[in-house]
file upload_4.cif (mmCIF, C-alpha atoms)
data_data
loop_
_atom_site.label_atom_id
_atom_site.label_comp_id
_atom_site.auth_asym_id
_atom_site.auth_seq_id
_atom_site.Cartn_x
_atom_site.Cartn_y
_atom_site.Cartn_z
CA MET B 1 92.16 77.96 82.87
CA LYS B 2 92.44 80.82 85.35
CA ARG B 3 94.96 78.85 87.33
CA PHE B 4 97.28 79.08 84.40
CA LEU B 5 98.82 82.30 85.64
CA PHE B 6 99.82 80.51 88.81
CA TRP B 7 102.57 79.04 86.75
CA SER B 8 103.43 81.88 84.51
CA VAL B 9 106.87 82.30 86.03
CA PRO B 10 108.02 78.70 85.64
CA ILE B 11 106.49 78.63 82.20
CA VAL B 12 108.79 81.24 80.87
CA THR B 13 111.83 79.35 82.00
CA GLY B 14 110.96 76.82 79.39
CA LEU B 15 111.79 79.49 76.89
CA PHE B 16 115.43 79.13 77.70
CA PHE B 17 115.31 76.27 75.33
CA ALA B 18 113.10 77.42 72.58
CA ALA B 19 112.08 80.67 71.03
CA ALA B 20 109.66 81.56 68.30
CA GLY B 21 110.34 83.53 65.17
CA PRO B 22 109.89 83.46 61.45
CA SER B 23 111.74 81.05 59.17
CA GLN B 24 115.52 80.92 59.59
CA GLU B 25 115.74 82.91 62.83
CA TRP B 26 113.27 80.59 64.36
CA THR B 27 115.16 77.59 63.10
CA SER B 28 118.52 78.91 64.29
CA LEU B 29 117.20 79.50 67.78
CA LYS B 30 115.99 75.94 67.92
CA GLU B 31 119.36 74.79 66.64
CA ALA B 32 121.09 76.77 69.39
CA SER B 33 119.00 75.01 72.01
CA ARG B 34 119.43 71.56 70.54
CA ASP B 35 122.62 70.74 72.45
CA ILE B 36 121.40 72.01 75.81
CA ARG B 37 121.15 69.18 78.32
CA SER B 38 120.92 71.17 81.52
CA VAL B 39 120.65 74.74 82.75
CA LYS B 40 121.08 76.31 86.14
CA ALA B 41 120.70 79.98 86.91
CA GLU B 42 119.88 82.54 89.57
CA PHE B 43 117.13 85.10 89.19
CA LEU B 44 115.88 88.35 90.62
CA GLN B 45 112.15 88.81 90.38
CA LYS B 46 110.46 92.18 90.83
CA ARG B 47 106.71 92.20 91.25
CA TYR B 48 105.19 95.59 90.52
CA LEU B 49 101.77 96.00 92.10
CA GLN B 50 99.69 99.13 91.87
CA ILE B 51 99.04 98.93 95.59
CA LEU B 52 102.78 99.16 96.41
CA THR B 53 105.14 102.08 95.93
CA GLU B 54 108.16 99.79 95.76
CA PRO B 55 108.23 96.46 93.91
CA LEU B 56 108.25 93.22 95.81
CA ARG B 57 111.66 91.66 95.27
CA SER B 58 112.26 87.91 95.32
CA GLU B 59 115.45 86.03 94.66
CA GLY B 60 115.90 82.44 93.70
CA ARG B 61 117.47 79.89 91.43
CA PHE B 62 116.38 77.20 89.05
CA PHE B 63 117.69 73.98 87.62
CA PHE B 64 116.51 72.33 84.43
CA TYR B 65 117.30 69.01 82.90
CA ALA B 66 116.27 68.45 79.31
CA SER B 67 114.55 65.15 80.03
CA GLY B 68 111.73 67.19 81.55
CA SER B 69 112.86 67.97 85.09
CA LEU B 70 112.67 71.40 86.67
CA ARG B 71 113.44 72.84 90.08
CA TRP B 72 112.21 76.42 90.54
CA GLU B 73 113.22 77.72 93.94
CA TYR B 74 112.71 80.99 95.80
CA LEU B 75 115.34 81.72 98.42
CA SER B 76 113.93 85.00 99.68
CA PRO B 77 111.76 86.51 101.04
CA LEU B 78 109.77 83.25 101.14
CA ARG B 79 111.73 80.07 100.78
CA SER B 80 109.76 77.69 98.62
CA VAL B 81 110.44 75.19 95.89
CA MET B 82 108.58 73.55 93.06
CA LEU B 83 109.86 70.20 91.85
CA GLN B 84 108.86 68.62 88.60
CA LYS B 85 110.11 65.29 87.36
CA GLY B 86 108.15 63.67 84.60
CA ASP B 87 104.50 63.77 85.57
CA THR B 88 105.23 64.33 89.25
CA VAL B 89 104.87 67.87 90.55
CA GLN B 90 105.53 68.79 94.17
CA LEU B 91 105.61 72.07 96.06
CA TYR B 92 107.21 72.74 99.43
CA HIS B 93 107.88 75.70 101.66
CA PHE B 94 110.58 76.06 104.27
CA SER B 95 109.44 76.82 107.79
CA GLU B 96 110.89 76.31 111.27
CA GLY B 97 113.97 74.67 109.84
CA VAL B 98 112.20 72.04 107.74
CA TRP B 99 110.60 71.68 104.34
CA LYS B 100 106.84 71.30 104.55
CA PRO B 101 104.45 70.22 101.78
CA GLU B 102 102.56 73.20 100.46
CA MET B 103 98.82 73.12 101.05
CA ILE B 104 98.02 74.85 97.74
CA GLN B 105 99.51 72.32 95.34
CA ALA B 106 97.35 72.99 92.26
CA VAL B 107 98.93 69.93 90.67
CA GLU B 108 96.37 69.59 87.89
CA SER B 109 96.86 73.11 86.66
CA ARG B 110 100.61 72.62 86.83
CA ARG B 111 100.40 69.49 84.72
CA MET B 112 98.41 71.41 82.14
CA VAL B 113 101.04 74.10 82.01
CA LEU B 114 103.84 71.57 81.81
CA ALA B 115 102.21 70.11 78.74
CA GLU B 116 102.38 73.58 77.19
CA ILE B 117 106.04 73.87 78.12
CA ASN B 118 106.82 70.57 76.47
CA GLN B 119 105.31 71.89 73.26
CA TRP B 120 107.36 75.05 73.51
CA LEU B 121 110.54 73.11 74.19
CA GLN B 122 110.01 71.35 70.93
CA GLY B 123 109.29 74.59 69.13
CA ARG B 124 105.67 73.67 68.56
CA PHE B 125 104.35 77.14 69.35
CA ASP B 126 101.70 76.86 66.69
CA GLU B 127 100.18 74.06 68.76
CA SER B 128 99.93 76.17 71.89
CA LYS B 129 96.41 76.73 73.07
CA ALA B 130 97.54 79.52 75.37
CA PHE B 131 99.77 81.91 73.40
CA THR B 132 100.55 83.21 69.96
CA HIS B 133 104.14 84.26 69.36
CA LEU B 134 106.05 87.02 67.63
CA TYR B 135 109.77 87.22 66.84
CA SER B 136 111.53 90.58 67.15
CA PRO B 137 115.07 90.51 65.69
CA GLY B 138 116.41 93.31 67.90
CA PRO B 139 119.10 93.48 69.05
CA PRO B 140 118.45 92.18 71.55
CA VAL B 141 116.33 89.44 70.10
CA ARG B 142 112.91 89.29 71.74
CA VAL B 143 110.07 86.83 71.72
CA ILE B 144 106.68 88.30 72.45
CA LEU B 145 103.90 86.02 73.58
CA ALA B 146 100.32 87.15 73.28
CA PRO B 147 97.68 85.25 75.22
CA ARG B 148 94.74 83.73 73.47
CA GLU B 149 91.15 84.05 74.65
CA GLY B 150 90.75 83.07 78.29
CA ILE B 151 94.37 83.56 79.34
CA ASN B 152 94.15 87.22 78.35
CA ARG B 153 92.07 87.89 81.43
CA PHE B 154 95.19 87.27 83.48
CA ILE B 155 98.16 87.97 81.22
CA HIS B 156 98.32 90.87 78.83
CA ARG B 157 101.72 90.16 77.31
CA ILE B 158 104.97 88.28 77.91
CA GLU B 159 108.24 89.51 76.53
CA ILE B 160 111.39 87.39 76.59
CA VAL B 161 114.66 89.17 75.99
CA LEU B 162 117.24 86.74 74.64
CA SER B 163 120.90 86.85 75.42
CA ALA B 164 123.55 87.02 72.71
CA ARG B 165 124.68 83.72 74.16
CA PRO B 166 122.82 80.97 72.31
CA GLY B 167 119.97 79.32 74.17
CA VAL B 168 119.96 81.81 77.05
CA ILE B 169 117.53 84.56 77.95
CA ASP B 170 118.40 87.66 79.93
CA ARG B 171 115.04 88.88 81.11
CA VAL B 172 111.32 88.17 81.11
CA GLU B 173 108.61 90.77 81.48
CA ILE B 174 105.07 89.65 82.24
CA GLU B 175 102.37 92.30 81.96
CA GLU B 176 98.92 91.87 83.41
CA PRO B 177 95.69 93.66 82.62
CA GLY B 178 95.32 96.55 85.04
CA GLY B 179 98.96 97.61 85.09
CA SER B 180 100.66 95.11 87.40
CA ARG B 181 103.74 93.43 86.00
CA THR B 182 106.58 91.09 86.84
CA SER B 183 110.17 91.38 85.76
CA ILE B 184 112.60 88.46 86.08
CA GLU B 185 116.29 88.95 85.43
CA PHE B 186 118.48 85.90 85.08
CA ARG B 187 122.15 85.77 85.98
CA ASN B 188 124.99 83.31 86.39
CA VAL B 189 123.40 81.07 83.78
CA GLN B 190 125.32 77.82 83.39
CA ILE B 191 124.63 75.54 80.47
CA ASN B 192 125.34 71.81 80.59
CA SER B 193 127.04 71.90 83.96
CA SER B 194 126.58 68.95 86.29
CA LEU B 195 123.53 69.11 88.55
CA PRO B 196 123.40 67.73 92.09
CA SER B 197 121.73 64.34 92.32
CA GLY B 198 118.21 64.30 93.69
CA ILE B 199 117.74 67.99 93.00
CA PHE B 200 114.45 67.35 91.20
CA GLU B 201 113.11 64.91 93.77
CA LYS B 202 113.88 66.29 97.21
CA PRO B 203 113.42 69.84 98.47
CA MET G 1 69.46 77.72 154.34
CA ILE G 2 66.89 78.62 151.67
CA ARG G 3 68.00 82.23 151.88
CA ARG G 4 71.63 81.18 151.40
CA LYS G 5 70.70 79.06 148.39
CA GLY G 6 68.83 82.02 146.86
CA LEU G 7 71.86 84.21 147.38
CA ASP G 8 74.08 81.66 145.66
CA ILE G 9 71.76 81.48 142.66
CA CYS G 10 71.67 85.26 142.51
CA LEU G 11 75.47 85.43 142.58
CA LEU G 12 75.68 82.74 139.90
CA GLY G 13 73.28 84.71 137.74
CA ILE G 14 75.36 87.86 138.10
CA LEU G 15 78.48 85.87 137.21
CA ILE G 16 76.90 84.40 134.07
CA LEU G 17 75.68 87.81 132.96
CA SER G 18 79.08 89.30 133.45
CA VAL G 19 81.23 86.77 131.59
CA GLY G 20 80.25 88.10 128.16
CA CYS G 21 83.32 90.24 127.74
CA ILE G 22 85.32 90.18 130.94
CA PRO G 23 88.07 87.62 131.45
CA LEU G 24 87.13 85.33 134.30
CA ALA G 25 90.35 85.71 136.22
CA GLU G 26 90.31 89.46 136.69
CA THR G 27 88.12 92.46 137.24
CA ALA G 28 87.50 95.05 134.56
CA PRO G 29 89.67 98.14 134.73
CA SER G 30 87.79 101.31 135.35
CA PRO G 31 88.07 104.15 132.82
CA GLY G 32 91.64 105.28 133.01
CA SER G 33 93.62 108.47 132.99
CA PRO G 34 93.36 110.51 129.77
CA ASP G 35 97.15 110.48 129.68
CA ASP G 36 97.12 106.70 129.30
CA LEU G 37 94.54 106.61 126.53
CA PRO G 38 96.95 107.14 123.57
CA GLY G 39 98.78 104.00 124.69
CA CYS G 40 95.74 101.97 123.68
CA TYR G 41 96.53 102.84 120.04
CA ALA G 42 100.30 102.30 120.20
CA ILE G 43 100.21 99.04 118.22
CA PHE G 44 98.19 100.36 115.30
CA PRO G 45 99.52 102.45 112.41
CA ALA G 46 98.69 106.11 113.04
CA GLY G 47 98.63 107.20 109.39
CA PRO G 48 98.38 105.73 105.89
CA TRP G 49 100.74 102.85 105.28
CA GLU G 50 101.56 99.97 102.98
CA SER G 51 103.18 96.72 104.03
CA VAL G 52 104.29 93.31 102.85
CA HIS G 53 104.25 90.31 105.19
CA LYS G 54 105.50 86.79 104.89
CA ILE G 55 102.61 84.61 106.05
CA GLU G 56 102.56 81.00 107.09
CA ALA G 57 98.98 79.80 107.36
CA ILE G 58 98.46 76.64 109.40
CA ILE G 59 95.09 74.95 109.46
CA ARG G 60 93.81 72.01 111.44
CA GLY G 61 95.98 68.93 111.14
CA GLY G 62 99.12 70.96 110.67
CA VAL G 63 98.71 71.48 106.93
CA SER G 64 100.35 74.74 106.02
CA SER G 65 100.78 77.21 103.24
CA SER G 66 103.31 79.94 102.63
CA LEU G 67 102.01 83.21 101.23
CA LEU G 68 102.77 86.87 100.83
CA GLY G 69 100.34 89.39 102.27
CA VAL G 70 100.22 92.93 100.92
CA THR G 71 98.18 95.51 102.81
CA LYS G 72 97.57 99.18 102.30
CA GLY G 73 95.55 101.12 104.83
CA ASP G 74 94.28 104.49 105.89
CA PRO G 75 93.11 104.50 109.51
CA SER G 76 91.46 107.91 109.32
CA GLU G 77 89.03 106.60 106.71
CA ARG G 78 89.09 103.02 107.97
CA ARG G 79 90.13 101.82 104.52
CA LEU G 80 92.06 98.64 103.88
CA HIS G 81 93.24 97.00 100.70
CA SER G 82 94.63 93.47 101.06
CA LEU G 83 96.21 91.00 98.67
CA LEU G 84 97.33 87.42 99.14
CA LEU G 85 99.98 86.18 96.73
CA THR G 86 101.78 82.92 96.10
CA PRO G 87 105.59 82.97 96.40
CA GLU G 88 105.63 83.23 92.59
CA GLY G 89 103.66 86.46 92.82
CA PHE G 90 100.31 85.22 91.61
CA ILE G 91 97.42 87.10 93.24
CA LEU G 92 95.09 84.65 94.96
CA PHE G 93 92.92 87.21 96.71
CA ASP G 94 92.42 90.95 96.33
CA ALA G 95 89.82 92.86 98.30
CA GLU G 96 89.12 96.28 99.73
CA LEU G 97 87.35 97.35 102.87
CA ARG G 98 85.74 100.71 102.32
CA GLU G 99 82.94 102.42 104.23
CA GLY G 100 82.30 99.22 106.11
CA GLY G 101 81.73 97.14 102.96
CA ILE G 102 83.97 94.55 101.33
CA ALA G 103 84.69 94.72 97.60
CA VAL G 104 86.40 91.59 96.30
CA ARG G 105 88.43 92.36 93.17
CA LYS G 106 89.84 88.90 92.67
CA ALA G 107 89.52 85.57 94.45
CA VAL G 108 90.92 82.26 93.28
CA ALA G 109 89.91 78.88 94.71
CA PRO G 110 90.17 77.98 97.56
CA PHE G 111 89.94 81.66 98.53
CA ASP G 112 86.82 82.48 96.57
CA SER G 113 84.03 82.08 99.10
CA PRO G 114 82.22 85.07 100.60
CA ALA G 115 82.87 83.62 104.06
CA PHE G 116 86.61 83.60 103.41
CA ALA G 117 86.55 87.20 102.19
CA ARG G 118 84.58 88.33 105.22
CA GLY G 119 86.77 86.39 107.64
CA LEU G 120 90.03 87.57 106.10
CA MET G 121 89.03 91.21 106.06
CA GLU G 122 87.85 90.94 109.66
CA ASP G 123 91.24 89.51 110.61
CA VAL G 124 93.09 92.23 108.72
CA THR G 125 90.94 94.86 110.40
CA LEU G 126 91.67 93.39 113.82
CA LEU G 127 95.40 93.36 113.04
CA PHE G 128 95.73 96.88 111.71
CA LEU G 129 92.84 99.12 112.71
CA PRO G 130 91.85 100.02 116.26
CA PRO G 131 88.16 99.72 117.12
CA GLN G 132 86.22 102.77 116.04
CA ALA G 133 84.94 103.90 119.42
CA ARG G 134 86.91 105.09 122.41
CA PRO G 135 87.84 102.22 124.75
CA THR G 136 85.28 101.43 127.40
CA THR G 137 88.00 100.99 129.99
CA TRP G 138 91.77 101.26 130.10
CA ARG G 139 94.59 101.32 132.58
CA LYS G 140 98.35 101.21 132.88
CA GLU G 141 99.78 98.89 135.47
CA ALA G 142 102.87 99.49 137.59
CA ASP G 143 105.07 97.37 135.30
CA GLY G 144 104.02 99.41 132.29
CA THR G 145 101.47 96.91 130.94
CA ARG G 146 98.51 98.57 129.32
CA ILE G 147 95.07 96.99 129.30
CA CYS G 148 92.47 98.56 127.04
CA ARG G 149 89.03 97.15 126.40
CA TRP G 150 86.42 98.00 123.81
CA GLU G 151 83.02 96.51 124.65
CA SER G 152 80.26 96.21 122.08
CA HIS G 153 76.51 96.35 122.52
CA ASP G 154 76.33 92.66 121.61
CA ASP G 155 78.55 91.78 124.60
CA SER G 156 81.54 90.92 122.43
CA CYS G 157 84.72 92.84 123.07
CA ILE G 158 88.23 93.56 121.90
CA GLU G 159 91.06 93.81 124.35
CA VAL G 160 94.57 95.15 123.79
CA ARG G 161 97.15 94.43 126.44
CA GLY G 162 100.89 94.53 126.73
CA SER G 163 103.88 96.80 126.50
CA MET G 164 106.66 97.61 124.07
CA ASP G 165 109.09 95.73 126.30
CA HIS G 166 107.13 92.52 126.67
CA GLY G 167 105.04 92.40 123.51
CA TRP G 168 101.35 92.88 122.96
CA ARG G 169 98.22 90.83 122.57
CA ILE G 170 94.93 91.60 120.92
CA LEU G 171 92.03 89.45 122.05
CA ARG G 172 88.59 89.27 120.56
CA ARG G 173 85.95 87.66 122.76
CA ASP G 174 82.48 86.65 121.74
CA ASP G 175 79.32 87.30 123.74
CA GLN G 176 80.08 84.23 125.85
CA GLY G 177 83.47 85.59 126.84
CA GLU G 178 85.31 83.01 124.77
CA VAL G 179 88.41 84.13 122.90
CA THR G 180 87.77 83.75 119.17
CA ARG G 181 90.93 85.53 118.02
CA GLU G 182 94.21 85.99 119.79
CA ILE G 183 96.99 87.98 118.20
CA SER G 184 100.46 88.31 119.63
CA LEU G 185 102.61 91.18 118.40
CA ASN G 186 106.31 91.60 118.94
CA GLY G 187 108.57 94.42 117.91
CA PRO G 188 110.44 96.16 116.67
CA PHE G 189 107.65 98.32 115.30
CA VAL G 190 108.18 99.88 111.86
CA GLN G 191 105.69 102.51 110.69
CA GLY G 192 103.49 101.37 113.57
CA LEU G 193 103.65 97.75 112.37
CA ALA G 194 104.96 94.89 114.49
CA PHE G 195 107.80 92.87 113.01
CA HIS G 196 106.30 89.57 114.19
CA MET G 197 102.61 88.77 114.55
CA GLU G 198 100.76 85.55 115.15
CA LEU G 199 97.01 85.26 114.86
CA ARG G 200 95.24 82.29 116.39
CA ALA G 201 91.64 81.81 115.36
CA SER G 202 89.48 79.37 117.29
CA LYS G 203 85.93 80.07 116.12
CA PRO G 204 84.21 79.30 113.85
CA THR G 205 87.30 77.72 112.23
CA SER G 206 90.61 76.96 113.82
CA TYR G 207 93.76 78.24 112.11
CA ARG G 208 96.99 80.16 112.74
CA LEU G 209 98.69 82.87 110.76
CA ARG G 210 102.35 83.58 111.43
CA MET G 211 103.33 86.90 109.92
CA THR G 212 106.72 88.53 109.49
CA LEU G 213 107.07 92.08 108.22
CA LEU G 214 109.12 92.32 105.02
CA GLN G 215 108.42 95.83 103.78
CA ALA G 216 106.72 98.85 105.30
CA ALA G 217 106.28 102.35 103.93
CA PRO G 218 104.09 105.34 104.74
#
call {"tool": "encode", "arguments": {"input": "upload_4.cif", "output": "structure tokens"}}
result
Amino acid sequence: MKRFLFWSVPIVTGLFFAAAGPSQEWTSLKEASRDIRSVKAEFLQKRYLQILTEPLRSEGRFFFYASGSLRWEYLSPLRSVMLQKGDTVQLYHFSEGVWKPEMIQAVESRRMVLAEINQWLQGRFDESKAFTHLYSPGPPVRVILAPREGINRFIHRIEIVLSARPGVIDRVEIEEPGGSRTSIEFRNVQINSSLPSGIFEKP
Amino acid sequence: MIRRKGLDICLLGILILSVGCIPLAETAPSPGSPDDLPGCYAIFPAGPWESVHKIEAIIRGGVSSSLLGVTKGDPSERRLHSLLLTPEGFILFDAELREGGIAVRKAVAPFDSPAFARGLMEDVTLLFLPPQARPTTWRKEADGTRICRWESHDDSCIEVRGSMDHGWRILRRDDQGEVTREISLNGPFVQGLAFHMELRASKPTSYRLRMTLLQAAP
């Protein structure tokens, strides 16, 4: 269970396609995501650690295909990529001009998290064993995820700020016990654009 | 003939006794000029600092992992706080070195063994903190190369050698004189931290850490 946080960042990308809320808001958000076949976006991640005066900044991009494929890629300062297609999960890092398989794969924990994401993508938040959800109408509309027992040792709270554009989120804030937090801002989000072939299979 | 043989054995004995810390190919420098002593500390941060490094860890067989290393230190109190993070920002390891003891705040498999914590904090100490005592010997050669050596009572030693122009090396030798850690450092130096570092460990486990400085602040 404690490996769950390992995947907290990719998890929240799943929320591009589903968000939780009461009654009609909740339904309308799901409706807005219904026609999404693919998403690609860039992101800026800021990792605030109590040990550091300045946050650790990472930049990257991700690609999602609604059949269950995801490419979550960091371009700087470390170049690494996670590829998920169906049940297959792979992680690589870029070094000396080539992609190398990552030693710390943690595939089992990733599979577990992916199962959670699949539930979220279908709006089945009430079936999540990891989080409860709260809808905040805003504006901007926010979805707040509260961890259940076990996960709360590692995540205090996740807040997803939704864009006015249907099916898109602007920002994710992940708070941890002890004061550390992560902020991810998404930009240049493209919905249903064509994705390069092999993008979910090869680094 | 017998006398010659006895002399040879005696010389061999002296040689064996002396290899504990001293490289075989050279003689130990005698205590150097006080003016050259500060140069022995040139590659270590002089005051409190915090840093972020990109780390590629390579273990036997060429398997590798890409990590972020965050370190905060205070040399005057010999305090270190080190974190290892995945590229996603997940903390795999978090420990402090304080008053000679290690306090592990967080450790996730496969980084959760006491041996790993001890080994990592020893490596971080070797990278960022000079040995506590004054060097046993030091000298500056004609080409500007400095050689500083800290010998311990257990016959192990730490050696710092190099120059700002040609890069530096830190060597740790065990009581048999074998190099157990070799660190190469290349500038530019920011806040007393080398931009590029590579640590090669040979005992008890073989691995390499390639480190590139990403952020440094006082």
call {"tool": "residues_around", "arguments": {"input": "upload_4.cif", "residues": "Asp143 in chain G", "least_positions_apart": "4", "cutoff": "12 Å", "atoms": "only C-alpha atoms", "output": "VMD selection string"}}
result
chain G and resid 139 147 162 to 166
call {"tool": "atom_distance", "arguments": {"input": "upload_4.cif", "atom1": "CA of Phe195 in chain G", "atom2": "CA of Thr212 in chain G"}}
result
5.7 Å
call {"tool": "closest_atom_pairs", "arguments": {"input": "upload_4.cif", "of": "chain G", "to": "chain B", "cutoff": "6 Å", "atoms": "only C-alpha atoms", "output": "CSV"}}
result
residue,atom,partner,partner_atom,distance
G:Ser64,CA,B:Met103,CA,5.4
G:Ser65,CA,B:Met103,CA,5.0
G:Phe90,CA,B:Phe6,CA,5.5
call {"tool": "write_last_selection", "arguments": {"input": "upload_4.cif", "atoms": "C-alpha atoms", "output": "mmCIF file, in the coordinates of the input"}}
result
data_model
loop_
_atom_site.group_PDB
_atom_site.id
_atom_site.type_symbol
_atom_site.label_atom_id
_atom_site.label_comp_id
_atom_site.auth_asym_id
_atom_site.auth_seq_id
_atom_site.Cartn_x
_atom_site.Cartn_y
_atom_site.Cartn_z
ATOM 1 C CA SER G 64 100.350 74.740 106.020
ATOM 2 C CA SER G 65 100.780 77.210 103.240
ATOM 3 C CA PHE G 90 100.310 85.220 91.610
#
call {"tool": "residues_near_point", "arguments": {"input": "upload_4.cif", "point": "(102.9, 101.1, 112.1)", "cutoff": "12 Å", "atoms": "all atoms listed in the file", "output": "mmCIF file with C-alpha atoms, in the coordinates of the input"}}
result
data_model
loop_
_atom_site.group_PDB
_atom_site.id
_atom_site.type_symbol
_atom_site.label_atom_id
_atom_site.label_comp_id
_atom_site.auth_asym_id
_atom_site.auth_seq_id
_atom_site.Cartn_x
_atom_site.Cartn_y
_atom_site.Cartn_z
ATOM 1 C CA TYR G 41 96.530 102.840 120.040
ATOM 2 C CA ALA G 42 100.300 102.300 120.200
ATOM 3 C CA ILE G 43 100.210 99.040 118.220
ATOM 4 C CA PHE G 44 98.190 100.360 115.300
ATOM 5 C CA PRO G 45 99.520 102.450 112.410
ATOM 6 C CA ALA G 46 98.690 106.110 113.040
ATOM 7 C CA GLY G 47 98.630 107.200 109.390
ATOM 8 C CA PRO G 48 98.380 105.730 105.890
ATOM 9 C CA TRP G 49 100.740 102.850 105.280
ATOM 10 C CA GLU G 50 101.560 99.970 102.980
ATOM 11 C CA SER G 51 103.180 96.720 104.030
ATOM 12 C CA THR G 71 98.180 95.510 102.810
ATOM 13 C CA LYS G 72 97.570 99.180 102.300
ATOM 14 C CA GLY G 73 95.550 101.120 104.830
ATOM 15 C CA ASP G 74 94.280 104.490 105.890
ATOM 16 C CA PRO G 75 93.110 104.500 109.510
ATOM 17 C CA LEU G 127 95.400 93.360 113.040
ATOM 18 C CA PHE G 128 95.730 96.880 111.710
ATOM 19 C CA LEU G 129 92.840 99.120 112.710
ATOM 20 C CA PRO G 130 91.850 100.020 116.260
ATOM 21 C CA LEU G 185 102.610 91.180 118.400
ATOM 22 C CA GLY G 187 108.570 94.420 117.910
ATOM 23 C CA PRO G 188 110.440 96.160 116.670
ATOM 24 C CA PHE G 189 107.650 98.320 115.300
ATOM 25 C CA VAL G 190 108.180 99.880 111.860
ATOM 26 C CA GLN G 191 105.690 102.510 110.690
ATOM 27 C CA GLY G 192 103.490 101.370 113.570
ATOM 28 C CA LEU G 193 103.650 97.750 112.370
ATOM 29 C CA ALA G 194 104.960 94.890 114.490
ATOM 30 C CA PHE G 195 107.800 92.870 113.010
ATOM 31 C CA LEU G 213 107.070 92.080 108.220
ATOM 32 C CA GLN G 215 108.420 95.830 103.780
ATOM 33 C CA ALA G 216 106.720 98.850 105.300
ATOM 34 C CA ALA G 217 106.280 102.350 103.930
ATOM 35 C CA PRO G 218 104.090 105.340 104.740
#
call {"tool": "atom_distance", "arguments": {"input": "upload_4.cif", "atom1": "CA of Asn186 in chain G", "atom2": "CA of Glu122 in chain G"}}
result
20.7 Å
call {"tool": "closest_residue", "arguments": {"input": "upload_4.cif", "among": "G:Arg173, G:Arg78, G:Arg181, G:Arg60", "to": "Ser206 in chain G", "atoms": "all atoms listed in the file"}}
result
G:Arg60
call {"tool": "resolve_selection", "arguments": {"input": "upload_4.cif", "expression": "the PyMOL selection byres ((chain B and resi 171) around 10)", "output": "PyMOL selection string"}}
result
chain B and resi 12+43-45+142+159-163+168-170+172-173+183-187
call {"tool": "write_last_selection", "arguments": {"input": "upload_4.cif", "atoms": "C-alpha atoms", "output": "PDB file, in the coordinates of the input"}}
result
ATOM      1  CA  VAL B  12     108.790  81.240  80.870  1.00  0.00           C
ATOM      2  CA  PHE B  43     117.130  85.100  89.190  1.00  0.00           C
ATOM      3  CA  LEU B  44     115.880  88.350  90.620  1.00  0.00           C
ATOM      4  CA  GLN B  45     112.150  88.810  90.380  1.00  0.00           C
ATOM      5  CA  ARG B 142     112.910  89.290  71.740  1.00  0.00           C
ATOM      6  CA  GLU B 159     108.240  89.510  76.530  1.00  0.00           C
ATOM      7  CA  ILE B 160     111.390  87.390  76.590  1.00  0.00           C
ATOM      8  CA  VAL B 161     114.660  89.170  75.990  1.00  0.00           C
ATOM      9  CA  LEU B 162     117.240  86.740  74.640  1.00  0.00           C
ATOM     10  CA  SER B 163     120.900  86.850  75.420  1.00  0.00           C
ATOM     11  CA  VAL B 168     119.960  81.810  77.050  1.00  0.00           C
ATOM     12  CA  ILE B 169     117.530  84.560  77.950  1.00  0.00           C
ATOM     13  CA  ASP B 170     118.400  87.660  79.930  1.00  0.00           C
ATOM     14  CA  VAL B 172     111.320  88.170  81.110  1.00  0.00           C
ATOM     15  CA  GLU B 173     108.610  90.770  81.480  1.00  0.00           C
ATOM     16  CA  SER B 183     110.170  91.380  85.760  1.00  0.00           C
ATOM     17  CA  ILE B 184     112.600  88.460  86.080  1.00  0.00           C
ATOM     18  CA  GLU B 185     116.290  88.950  85.430  1.00  0.00           C
ATOM     19  CA  PHE B 186     118.480  85.900  85.080  1.00  0.00           C
ATOM     20  CA  ARG B 187     122.150  85.770  85.980  1.00  0.00           C
TER      21      ARG B 187
END
call {"tool": "closest_residue", "arguments": {"input": "upload_4.cif", "among": "G:Ser76, G:Ser82, G:Leu37, G:Thr125", "to": "Cys148 in chain G", "atoms": "all atoms listed in the file"}}
result
G:Leu37
call {"tool": "atom_distance", "arguments": {"input": "upload_4.cif", "atom1": "CA of Ala103 in chain G", "atom2": "CA of Asn152 in chain B"}}
result
22.7 Å
call {"tool": "residues_around", "arguments": {"input": "upload_4.cif", "residues": "range 143-150 of chain B", "least_positions_apart": "3", "cutoff": "6 Å", "atoms": "only C-alpha atoms", "output": "number ranges by chain"}}
result
B: 130-135, 153, 157-160
call {"tool": "residues_around", "arguments": {"input": "upload_4.cif", "residues": "Val179 in chain G", "least_positions_apart": "5", "cutoff": "9 Å", "atoms": "all atoms listed in the file", "output": "MDAnalysis selection string"}}
result
chainID G and resid 171:174 201:203
call {"tool": "resolve_selection", "arguments": {"input": "upload_4.cif", "expression": "the PyMOL selection byres ((chain B and resi 194) around 10)", "output": "MDAnalysis selection string"}}
result
chainID B and resid 37:40 65 190:193 195:197
call {"tool": "resolve_selection", "arguments": {"input": "upload_4.cif", "expression": "the PyMOL selection byres ((chain G and resi 100) around 12)", "output": "list of chain:residue names"}}
result
G:Glu77, G:Arg78, G:Arg79, G:Leu80, G:Glu96, G:Leu97, G:Arg98, G:Glu99, G:Gly101, G:Ile102, G:Ala103, G:Arg118, G:Met121, G:Glu122, G:Thr125, G:Gln132
call {"tool": "residues_around", "arguments": {"input": "upload_4.cif", "residues": "range 86-90 of chain B", "least_positions_apart": "3", "cutoff": "6 Å", "atoms": "all atoms listed in the file", "output": "PyMOL selection string"}}
result
chain B and resi 68+82-83
call {"tool": "residues_around", "arguments": {"input": "upload_4.cif", "residues": "Ala57 in chain G", "least_positions_apart": "6", "cutoff": "8 Å", "atoms": "only C-alpha atoms", "output": "list in words"}}
result
Ser64, Ser65, Ser66, Leu67, Tyr207, Arg208, Leu209 and Arg210 of chain G
